[in-house]
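Student: There's a structure below that I have some questions on.
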Amino acid sequence: MSTEITPSANEVRQLNFIEEIIEKEKKSEELPIVHTRFPPEPNGYLHIGHAKSICLNFGLAKKYNGKCNLRFDDTNPTAEDVEYVDSIKEDVHWLGFDWEDRMFYASDYFQQIYDWAVLLIKKDKAFVCDLTAHEVSDMRGNPNIPAKPSPYKNRTVEENLDLFERMKNGEFSDGSKTLRAKINLASPNMHMRDPVLYRLLRASHHRTGNKWCIYPMYDFAHGQSDYIEGITHSICTLEFEVHRPLYEWFLEALELPLPRPRQIEFARLNLTYTVMSKRKLLELVKSNYVNGWDDPRMPTICGLRRRGYTTESIRNFAEKIGVAKRENIIDVSLLEFCIRENLNKKANRILGVLNPLKVVITNYTENTEEELEAINNPENANAGTRKIPFSKELFIERDDFMEEPPKDYFRLKPGGEVRLRYAYYIKCENVIKNTKTGEITEIHCTYDTESKGGKTIDGRKVKGTIHWVSAKNAIECEVRLYDRLFKSENPESGQDFKEDLNPDSLKVVTGFVEPFIISAKAGEKYQLERIGYFNVDKDSKPDNIVLNRTVTLKDTWSKNLKR
RNA sequence: UGUUCGAUGGUGUAAAGGUAGCACCACAGAUUUUGAUUCUGUUAGUCCAGGUUCGAAUCCUGGUCGGACAACCA
């Protein structure tokens with residue numbers, strides 16, 4: 001036995017199972033080139049699960065120097081629309097993939113597919129059936145009981161040819177006839193029990209208009225479309241596993257010359273605290289549980305984009321989750337890790353307060369203002385610095401002051417000293433309260449005049465550093481605080497997923513942000529120091545900047561508090 | 001129930017008969033002008049029972065558990 005092991009193949013063998021199949025084919029030289037496709041039906045917006053598939057298909061093509069097509073699987077005009085076509089193109093591009101001149105539609109192949117149907121009839125492998133959908137369903141049997149044959153199955157080839165052509169010509173009403181394959185009524189695989197190939201459907205198609213009144217079913221269109229485009233690996237999700245015998249049966253029955261495409265199935269992505277089915281997503285949109293497909297709480301690509309997720313973070317996520325055949329549910333914290341990791345490097349820092357508490361610096365000169373220098377991004381020296389105004393009256397975060405703090409609290413407390421980021425050390429001298437409610441209304445502090453920039457020559461330790469904003473200079477912004485859309489890890493498991501909706505998935509507050517924010521443009525990402533990452537929303541106006549919280553910073557302190 | 005696919009720490013994913021590794025999460029410590037980042041460490045896994053073998057996550061047999069399918073949707 002001559003075994004030939006290439007060292008490189010030995011070293012980097014961490015391939016997913018599809019790559020292994022391809023490597024094997026390459027070795028046996030069965031494979032001229034890798035050609036994949038991403039085949040969405042234009043009946044909804046793409047979501048993070050599609051992103052996995054897109055990254056897989058385009059990624060495989062790239063890795064093996066092949067090509068990947070974009071193909072709209074538009075064989076059901078009743079559900080499809082150009083609105084979806086446009087959004088899908090935008091989203092695939094945004095993910096950084098390019099189908100070049102290979103954007104196709106299954107509807108491009110309607111004539112060819114029709115001709116193939118005629119061929120099947122001539123081979124006596126298909127017949128026109130007059131049974132209604134209901135009757136067919138009644139006669140289908142179950143996995144243990146074979147289906148009853150259609151009484152129309154023994155029509156002559158000539159009769160079928162004539163009938164099928166008249167179906168195409170619009171002589172029969174919708175639902176009154178179908179073209180069905182003759183396969184195996186006793187097959188334990190229900191898809192093989194004389195499946196429907198064509199149905200009568202008078203609906204205007206978004207591309208072919210009213211040219212056709214018969215449309216091929218998925219099974220009779222997909223494999224052949226793959227074949228026409230020279231697809232080598234037709235990658236789809238697990239639920240199509242049972243369709244594979246049918247996929248292969250058509251290619252074989254049509255006697256299409258080799259090579260033929262090969263269907264490979266992988267497990268779709270599931271995410272905790274998320275629903276992923278198109279039907280449920282559509283319901284959330286249509287019933288206004290969210291504000292459209294691009295609501296930042298949606299797992300759609302456009303929703304994630306608006307939330308502040310970047311292309312890199314999603315592609316990196318797709319890489320990290322891997323590809324396999326077992327069912328999986330990925331923890332959203334992995335997605336959050338990916339965006340934090342990316343934004344930590346990319347996002348400039350700004351100071352802003354979301355829940356303000358007024359601080360008066362009693363020994364600071366009235367009506368004075370000075371500018372302090374702040375670093376834009378400690379992770380990126382090239383990001384430079386900026387100036388932040390400082391004055392006598394400030395806002396700090398309410399959480400950053402406690403009158404009776406636990407021992408390990410190192411933010412502001414009575415008599416305590418804390419550093420204002422990039423500014424001064426301040427010491428809490430007095431707490432002013434509303435005499436009726438007892439609510440703290442403001443804090444009076446003194447500042448150390450020698451601590452400018454946040455350090456002193458005596459080198460004394462001030463453990464706490466908090467963010468702040470000059471009250472009179474602060475810009476009021478609309479801040480949309482997003483949280484997970486559902487309360488439980490697997491909202492799909494209950495009877496009604498809508499009952500699991502998180503009532504606190506969106507909170508809108510007014511934030512007080514340093515003046516820099518005035519110049520922010522829609523789509524820009526910032527870290528509000530000590531709070532989280534935010535995306536400037538497209539709803540922003542010059543006098544009303546809108547910030548979407550993408551994700552909070554990790555917060556071990558508040559986590560400890562809860563315990 | 002019939003077919004079919006699957007089963008490795010809490011969650012994912014590697015290991016092609018030869019040290020069960022990596023990432024996220026969790027936890028602990030170090031550093032820190034973000035209780036962030038960074039760094040170090042810790043907990044924790046081969047569904048079960050037999051068999052083959054010097055050696056099994058891997059091969060064989062039998063079971064268990066989970067998913068998919070019974071649309072004129074894709």
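In the structure tokens, chains take letters A, B, ... by order of appearance, with residues numbered from 1 within each chain and ligands from 1 in the order shown.
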So which bits of segment 354-438 of chain A end up helix (DSSP H, G or I) when you DSSP the backbone, as an NGL selection string?
Tutor: :A and (381-383 or 398-400)
Student: Please save N, CA, C and O atoms of the selected residues as a PDB file, in the first residue's frame.
Tutor:
ATOM      1  N   ALA A 381      -2.778  54.247  18.643  1.00  0.00           N
ATOM      2  CA  ALA A 381      -2.047  55.508  18.812  1.00  0.00           C
ATOM      3  C   ALA A 381      -2.335  56.482  17.671  1.00  0.00           C
ATOM      4  O   ALA A 381      -2.334  57.701  17.862  1.00  0.00           O
ATOM      5  N   ASN A 382      -2.634  55.973  16.490  1.00  0.00           N
ATOM      6  CA  ASN A 382      -2.895  56.837  15.342  1.00  0.00           C
ATOM      7  C   ASN A 382      -4.201  57.613  15.452  1.00  0.00           C
ATOM      8  O   ASN A 382      -4.450  58.528  14.678  1.00  0.00           O
ATOM      9  N   ALA A 383      -5.043  57.208  16.397  1.00  0.00           N
ATOM     10  CA  ALA A 383      -6.352  57.855  16.510  1.00  0.00           C
ATOM     11  C   ALA A 383      -6.237  59.264  17.096  1.00  0.00           C
ATOM     12  O   ALA A 383      -7.178  60.049  17.008  1.00  0.00           O
ATOM     13  N   ARG A 398     -25.080  58.483  37.915  1.00  0.00           N
ATOM     14  CA  ARG A 398     -25.644  58.245  39.263  1.00  0.00           C
ATOM     15  C   ARG A 398     -25.030  57.015  39.923  1.00  0.00           C
ATOM     16  O   ARG A 398     -24.829  56.990  41.133  1.00  0.00           O
ATOM     17  N   ASP A 399     -24.742  56.011  39.111  1.00  0.00           N
ATOM     18  CA  ASP A 399     -24.147  54.781  39.647  1.00  0.00           C
ATOM     19  C   ASP A 399     -22.746  55.012  40.204  1.00  0.00           C
ATOM     20  O   ASP A 399     -22.218  54.164  40.909  1.00  0.00           O
ATOM     21  N   ASP A 400     -22.162  56.141  39.851  1.00  0.00           N
ATOM     22  CA  ASP A 400     -20.781  56.370  40.264  1.00  0.00           C
ATOM     23  C   ASP A 400     -20.690  57.118  41.593  1.00  0.00           C
ATOM     24  O   ASP A 400     -19.627  57.534  42.015  1.00  0.00           O
TER      25      ASP A 400
END
Student: Would you pick out the contacts of segment 9-25 of chain B at 9 Å or less, using only C-alpha atoms (C1' of nucleotides), so that residues sharing its chain but fewer than 3 positions from it are not included, and give the list as a compact mmCIF listing (two decimals) with N, CA and C atoms (P, O5', C5', C4', C3', O3' and C1' of nucleotides), in the first residue's frame?
Tutor:
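What landed in selection_25.txt:
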# COMPACT_ATOMS: atom_id res chain seq x y z
N GLN A 14 -7.20 21.12 10.25
CA GLN A 14 -8.41 21.50 10.96
C GLN A 14 -9.46 22.00 9.98
N LEU A 15 -9.92 21.08 9.17
CA LEU A 15 -10.89 21.45 8.15
C LEU A 15 -12.28 21.07 8.62
N LYS A 320 -15.76 31.44 13.65
CA LYS A 320 -15.62 30.82 14.97
C LYS A 320 -16.64 29.72 15.24
N ILE A 321 -17.84 29.85 14.72
CA ILE A 321 -18.88 28.86 15.04
C ILE A 321 -18.69 27.54 14.31
N GLY A 322 -17.89 27.55 13.24
CA GLY A 322 -17.61 26.29 12.57
C GLY A 322 -18.77 25.78 11.73
N VAL A 323 -18.54 24.67 11.07
CA VAL A 323 -19.54 24.07 10.20
C VAL A 323 -19.57 22.58 10.48
N ALA A 324 -20.74 22.06 10.81
CA ALA A 324 -20.85 20.63 11.09
C ALA A 324 -22.27 20.18 10.83
N ASN A 328 -27.11 22.70 16.60
CA ASN A 328 -26.36 23.50 17.56
C ASN A 328 -27.15 24.73 17.94
N ILE A 329 -26.83 25.25 19.10
CA ILE A 329 -27.37 26.56 19.48
C ILE A 329 -26.22 27.35 20.10
N ILE A 330 -25.84 28.39 19.37
CA ILE A 330 -24.68 29.17 19.77
C ILE A 330 -25.10 30.23 20.78
N ASP A 331 -24.27 30.39 21.78
CA ASP A 331 -24.51 31.40 22.80
C ASP A 331 -24.31 32.79 22.19
N SER A 333 -23.43 35.29 23.48
CA SER A 333 -22.25 35.95 24.06
C SER A 333 -21.04 35.81 23.14
N LEU A 334 -21.06 34.80 22.28
CA LEU A 334 -19.96 34.67 21.32
C LEU A 334 -20.04 35.79 20.27
N LEU A 335 -21.26 36.07 19.83
CA LEU A 335 -21.46 37.17 18.87
C LEU A 335 -21.03 38.48 19.52
N PHE A 337 -18.94 38.86 21.95
CA PHE A 337 -17.48 38.86 22.06
C PHE A 337 -16.86 39.37 20.75
P A B 44 -12.43 19.44 37.46
O5' A B 44 -13.47 19.20 36.29
C5' A B 44 -14.87 19.28 36.54
C4' A B 44 -15.57 19.66 35.26
C3' A B 44 -15.19 18.81 34.06
O3' A B 44 -15.92 17.59 34.04
C1' A B 44 -15.16 21.10 33.47
P G B 45 -15.26 16.26 33.56
O5' G B 45 -15.68 16.24 32.03
C5' G B 45 -17.06 16.23 31.67
C4' G B 45 -17.18 16.02 30.20
C3' G B 45 -16.59 14.72 29.68
O3' G B 45 -17.49 13.65 29.85
C1' G B 45 -15.94 16.53 28.29
P U B 46 -16.99 12.13 29.95
O5' U B 46 -16.37 11.79 28.53
C5' U B 46 -16.99 10.83 27.67
C4' U B 46 -17.24 11.45 26.33
C3' U B 46 -17.71 10.47 25.26
O3' U B 46 -18.60 11.15 24.41
C1' U B 46 -15.74 11.48 24.55
P U B 53 -8.17 -9.26 19.11
O5' U B 53 -7.31 -7.93 19.09
C5' U B 53 -6.70 -7.47 17.89
C4' U B 53 -6.08 -6.13 18.11
C3' U B 53 -5.17 -6.04 19.32
O3' U B 53 -3.87 -6.54 19.06
C1' U B 53 -6.62 -4.17 19.27
P G B 55 -5.14 -4.09 24.02
O5' G B 55 -5.04 -2.53 23.77
C5' G B 55 -4.71 -1.66 24.85
C4' G B 55 -4.49 -0.25 24.34
C3' G B 55 -5.66 0.36 23.58
O3' G B 55 -6.62 0.90 24.46
C1' G B 55 -3.65 0.74 22.40
P A B 56 -8.16 0.86 24.04
O5' A B 56 -8.23 1.79 22.76
C5' A B 56 -7.87 3.17 22.82
C4' A B 56 -8.95 4.02 22.17
C3' A B 56 -10.31 3.95 22.87
O3' A B 56 -10.99 5.18 22.65
C1' A B 56 -10.52 3.09 20.71
P A B 57 -10.75 6.42 23.64
O5' A B 57 -11.83 7.49 23.18
C5' A B 57 -13.21 7.26 23.40
C4' A B 57 -14.02 7.98 22.38
C3' A B 57 -13.98 7.36 20.98
O3' A B 57 -14.95 6.36 20.84
C1' A B 57 -13.57 9.69 20.84
P U B 58 -14.68 5.05 19.95
O5' U B 58 -14.24 5.62 18.54
C5' U B 58 -15.16 6.36 17.72
C4' U B 58 -14.45 6.86 16.50
C3' U B 58 -13.94 5.77 15.57
O3' U B 58 -14.15 6.13 14.23
C1' U B 58 -12.14 7.14 16.29
P C B 59 -15.34 5.44 13.42
O5' C B 59 -14.85 3.92 13.31
C5' C B 59 -14.10 3.48 12.19
C4' C B 59 -13.93 1.98 12.25
C3' C B 59 -15.19 1.22 12.68
O3' C B 59 -16.06 1.00 11.58
C1' C B 59 -13.33 0.43 13.91
Student: What are the residues of chain A that have an atom within 6 Å of an atom of chain B, counting only C-alpha atoms (C1' of nucleotides), as an MDAnalysis selection string?
Tutor: chainID A and resid 142:144 188:190 199 239 321 326 331 334 529:530 557
Student: Need the shell around Lys123 of chain A: protein/DNA/RNA residues with any atom at most 10 Å away, counting only C-alpha atoms (C1' of nucleotides). Skip same-chain ones fewer than 5 positions apart. Format as a list in words?
Tutor: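 So the residues in contact are Ala117, Val118, Val157, Ala253 and Leu254 of chain A.
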Student: Atoms to include: N, CA and C atoms. Write the selected residues as a CSV table (one decimal), in the first residue's frame.
Tutor:
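File written: selection09.csv
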chain,number,residue,atom,x,y,z
A,117,ALA,N,-39.2,19.2,-18.3
A,117,ALA,CA,-40.4,18.5,-17.8
A,117,ALA,C,-41.0,17.8,-19.0
A,118,VAL,N,-41.0,18.4,-20.2
A,118,VAL,CA,-41.5,17.7,-21.4
A,118,VAL,C,-40.7,16.5,-21.7
A,157,VAL,N,-48.4,9.0,-23.1
A,157,VAL,CA,-47.4,10.1,-23.2
A,157,VAL,C,-48.0,11.3,-24.0
A,253,ALA,N,-32.6,11.0,-14.2
A,253,ALA,CA,-33.7,10.7,-15.1
A,253,ALA,C,-33.6,11.6,-16.4
A,254,LEU,N,-33.1,12.8,-16.2
A,254,LEU,CA,-32.9,13.6,-17.4
A,254,LEU,C,-31.6,13.3,-18.2
Student: Considering only strand (DSSP E or B) as DSSP defines it on the backbone, what residues of segment 175-284 of chain A qualify? List them as a list of chain:residue names.
Tutor: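 Answer for segment 175-284 of chain A restricted to strand (DSSP E or B) is A:Thr178, A:Leu179, A:Arg180, A:Ala181, A:Val196, A:Leu197, A:Tyr198, A:Arg199, A:Leu200, A:His205, A:Gly209, A:Ile214, A:Tyr215, A:Pro216, A:His233, A:Ser234, A:Ile235, A:Cys236, A:Thr237, A:Arg262, A:Gln263, A:Ile264, A:Glu265, A:Phe266, A:Leu271.
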Student: Can those selected residues be exported to a file as a CSV table (one decimal), in the first residue's frame so that it contains C-alpha atoms?
Tutor:
chain,number,residue,atom,x,y,z
A,178,THR,CA,-50.3,19.3,-11.6
A,179,LEU,CA,-47.4,17.6,-13.3
A,180,ARG,CA,-46.1,14.8,-11.2
A,181,ALA,CA,-43.1,12.5,-11.4
A,196,VAL,CA,-45.4,17.5,-7.8
A,197,LEU,CA,-43.1,19.1,-10.4
A,198,TYR,CA,-45.3,21.9,-11.7
A,199,ARG,CA,-48.3,23.6,-10.3
A,200,LEU,CA,-50.8,26.1,-11.9
A,205,HIS,CA,-43.9,37.1,-11.0
A,209,GLY,CA,-44.6,39.0,-15.0
A,214,ILE,CA,-47.2,27.2,-14.2
A,215,TYR,CA,-44.3,27.3,-11.9
A,216,PRO,CA,-41.8,24.5,-11.1
A,233,HIS,CA,-21.1,21.7,-4.5
A,234,SER,CA,-24.7,22.6,-3.7
A,235,ILE,CA,-24.6,23.4,0.0
A,236,CYS,CA,-27.8,23.6,1.9
A,237,THR,CA,-29.2,23.1,5.4
A,262,ARG,CA,-23.5,17.3,-5.5
A,263,GLN,CA,-25.7,18.3,-2.6
A,264,ILE,CA,-24.1,18.6,0.8
A,265,GLU,CA,-26.1,19.5,4.0
A,266,PHE,CA,-24.9,21.3,7.1
A,271,LEU,CA,-28.7,31.6,18.5
Student: Please indicate the distance in Å from atom CA of Lys407 of chain A to atom CA of Lys455 of chain A, rounded to one decimal place.
Tutor: 24.0 Å
Student: Skip G62 of chain B itself and residues of its chain fewer than 3 positions away, then list as number ranges by chain all residues within 12 Å of it, counting only C-alpha atoms (C1' of nucleotides).
Tutor: B: 48-51
Student: Suppose you want the space between atom CA of Asp138 of chain A and atom CA of Phe164 of chain A; what is it in Å?
Tutor: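 About the pair atom CA of Asp138 of chain A and atom CA of Phe164 of chain A: they are 23.8 Å apart.
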Student: Contacts of segment 99-104 of chain A at 8 Å or less, counting only C-alpha atoms (C1' of nucleotides), minus same-chain residues fewer than 4 places along, as a list in words?
Tutor: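 Here the qualifying residues turn out to be Lys67, Cys68, Asn69, Leu70, Arg71, Phe72 and Asp108 of chain A.
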Student: Can you tell me, as number ranges by chain, what residues are no more than 12 Å from G29 of chain B when counting only C-alpha atoms (C1' of nucleotides), ignoring any on the same chain fewer than 6 positions away?
Tutor: B: 39-42
Student: Restricting it to N, CA, C and O atoms (P, O5', C5', C4', C3', O3' and C1' of nucleotides), dump the selection as a CSV table (one decimal), in the first residue's frame.
Tutor:
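Ended up saving to part_24.csv:
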chain,number,residue,atom,x,y,z
B,39,C,P,-3.9,38.8,25.7
B,39,C,O5',-3.0,38.4,27.0
B,39,C,C5',-1.6,38.8,27.1
B,39,C,C4',-1.1,38.5,28.4
B,39,C,C3',-1.4,37.2,29.0
B,39,C,O3',-0.6,36.2,28.6
B,39,C,C1',-1.8,38.9,30.7
B,40,U,P,-1.1,34.7,28.5
B,40,U,O5',-1.1,34.2,30.0
B,40,U,C5',0.2,34.2,30.7
B,40,U,C4',-0.1,33.9,32.1
B,40,U,C3',-1.0,32.6,32.4
B,40,U,O3',-0.2,31.4,32.2
B,40,U,C1',-1.7,34.4,33.8
B,41,G,P,-1.0,30.1,31.7
B,41,G,O5',-1.9,29.7,33.0
B,41,G,C5',-1.3,29.2,34.2
B,41,G,C4',-2.3,29.3,35.3
B,41,G,C3',-3.5,28.4,35.2
B,41,G,O3',-3.1,27.0,35.6
B,41,G,C1',-4.2,30.5,35.9
B,42,U,P,-4.0,25.8,35.2
B,42,U,O5',-5.4,26.1,36.1
B,42,U,C5',-5.3,25.9,37.5
B,42,U,C4',-6.7,26.0,38.0
B,42,U,C3',-7.7,25.1,37.4
B,42,U,O3',-7.7,23.8,38.0
B,42,U,C1',-8.6,27.3,37.5
Student: So which residues touch segment 74-82 of chain A within 6 Å, counting only C-alpha atoms (C1' of nucleotides), skipping near sequence neighbours fewer than 2 positions away, as a list of chain:residue names?
Tutor: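 The filter keeps A:Glu41, A:Pro42, A:Asn43, A:Phe72, A:Tyr84, A:Val85, A:Ala106, A:His205, A:His206.
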Student: Using atom CA of Lys487 of chain A and atom CA of Leu501 of chain A as the two end points, give the distance in Å to one decimal.
Tutor: 6.1 Å
Student: If you take only C-alpha atoms and a cut-off of 10 Å, which residues of segment 369-398 of chain A touch segment 410-429 of chain A, and what are their nearest atom pairs and distances in Å to one decimal, in chain and number order, as a Markdown table?
Tutor:
| residue | atom | partner | partner_atom | distance |
| --- | --- | --- | --- | --- |
| A:Glu371 | CA | A:Ala423 | CA | 9.3 |
| A:Leu372 | CA | A:Ala423 | CA | 6.6 |
| A:Glu373 | CA | A:Tyr422 | CA | 6.8 |
| A:Ala374 | CA | A:Tyr422 | CA | 5.9 |
| A:Ile375 | CA | A:Tyr422 | CA | 8.4 |
| A:Lys387 | CA | A:Tyr422 | CA | 9.9 |
| A:Ile388 | CA | A:Tyr422 | CA | 8.8 |
| A:Pro389 | CA | A:Ala423 | CA | 9.6 |
| A:Phe390 | CA | A:Ala423 | CA | 7.7 |
| A:Ile396 | CA | A:Leu420 | CA | 9.1 |
| A:Arg398 | CA | A:Leu412 | CA | 9.9 |
